[in-house]
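Working notes for the structure below.
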Amino acid sequence: MITLEDKLDIFYKMIFKEEEERSKKALEELEANNKLILESKKIELENKKEEIIERRRLLAEIQKNELLSKYNQEDRNAILIKKEEALGDLIKSLEDKARSFTSTEEYKDYILHGIEDVIKDMEEKEVTIGLIEEDKLRFEDFILKLGKEYGKNIIFDIVSNHIIGGFILKYESYNLDSSFKTIIDENRYLIGKRLYSSLEKTGELNG
């Protein structure tokens, strides 16, 4: 015979068992949810880790490229300075040789032939010739003789020693500048181009 106590015992067991099952299920769901959260956090942290690593890699790459660019620019600047120094030395050497040439007998022929080549075909009857003072004293008589041969009235103009040598023919509308300084300056680009080509072939610009 089932007593009241037995019925209560059965009732409590049913209630507790149901509660236990519900709690167990809730716990399992909680554990499963926590596991999902944990996995999600792991993935998130791993992604952040990869992101941080990638950012640092990109930053390192940018810094490396900036340094390379800086060093390349410094190298280009150094080469440019070296080129300009070499060109400056060559220009000075050419100017020195031009000055030395003005002391030779060949220089007299150069001046007279150069002036003759121009005045013999010109229509103007009067021409002004610019010379440094030393050259005027040396060549005045020869130039005046040339002028008479071609029917030209020669006027002399003393110019600065800065031109080194050579002459400047002055017409009404323009000047024909055949001074050594101008010839060298006007050919500076070509002189530099040939110099740099020669230096690159010998490897001197890479040293």
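Labels used: A, B, ... for chains in the order of the structure tokens, numbers from 1 for residues in each chain, and numbers from 1 for ligands as shown.
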
Report as a ChimeraX atom specification: the residues of region 28-157 of chain A with a DSSP assignment of helix (DSSP H, G or I), based on the backbone of this structure. /A:28-101,105-119,133-149

Would you write out, as CSV, a table of all residues in region 66-127 of chain A that have an atom no more than 8 Å from an atom of region 154-164 of chain A, listing for each the closest atom pair and the distance in Å to one decimal, considering only C-alpha atoms and ordering rows by chain and rising residue number?
residue,atom,partner,partner_atom,distance
A:Glu95,CA,A:Ile164,CA,7.5
A:Ala98,CA,A:Ile164,CA,7.1
A:Arg99,CA,A:Ile164,CA,6.0
A:Glu126,CA,A:Ile154,CA,6.1
A:Val127,CA,A:Ile154,CA,5.4

Write the residues of the preceding selection, restricted to N, CA and C atoms, as an mmCIF file, in the first residue's frame.
data_model
loop_
_atom_site.group_PDB
_atom_site.id
_atom_site.type_symbol
_atom_site.label_atom_id
_atom_site.label_comp_id
_atom_site.auth_asym_id
_atom_site.auth_seq_id
_atom_site.Cartn_x
_atom_site.Cartn_y
_atom_site.Cartn_z
ATOM 1 N N GLU A 95 89.407 76.271 -70.083
ATOM 2 C CA GLU A 95 89.651 77.717 -70.027
ATOM 3 C C GLU A 95 91.141 78.005 -69.876
ATOM 4 N N ALA A 98 92.731 77.441 -73.138
ATOM 5 C CA ALA A 98 92.402 78.550 -74.041
ATOM 6 C C ALA A 98 93.289 79.755 -73.744
ATOM 7 N N ARG A 99 93.522 80.019 -72.471
ATOM 8 C CA ARG A 99 94.407 81.140 -72.096
ATOM 9 C C ARG A 99 95.829 80.889 -72.591
ATOM 10 N N GLU A 126 80.710 98.935 -92.208
ATOM 11 C CA GLU A 126 81.344 99.259 -90.925
ATOM 12 C C GLU A 126 81.073 98.132 -89.933
ATOM 13 N N VAL A 127 82.119 97.721 -89.244
ATOM 14 C CA VAL A 127 81.957 96.650 -88.265
ATOM 15 C C VAL A 127 82.801 96.959 -87.037
#

Atom pair CA of Leu195 (chain A) + CA of Gly165 (chain A), distance 23.9 Å

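Near Phe139 (chain A), within a cut-off of 12 Å and counting only C-alpha atoms, sit the residues Thr102, Glu105, Tyr107, Lys108, Asp109, Tyr110, Ile111, Leu112, His113, Ile115, Ile129, Gly130, Leu131, Ile132, Glu133, Glu134, Asp135, Lys136, Leu137, Asp141, Phe142, Ile143, Leu144, Lys145, Leu146, Phe156, Gly166 and Phe167 of chain A, with same-chain residues fewer than 2 positions away left out.
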
Here CA of Thr182 (chain A) and CA of Ser100 (chain A) stand apart by 16.7 Å
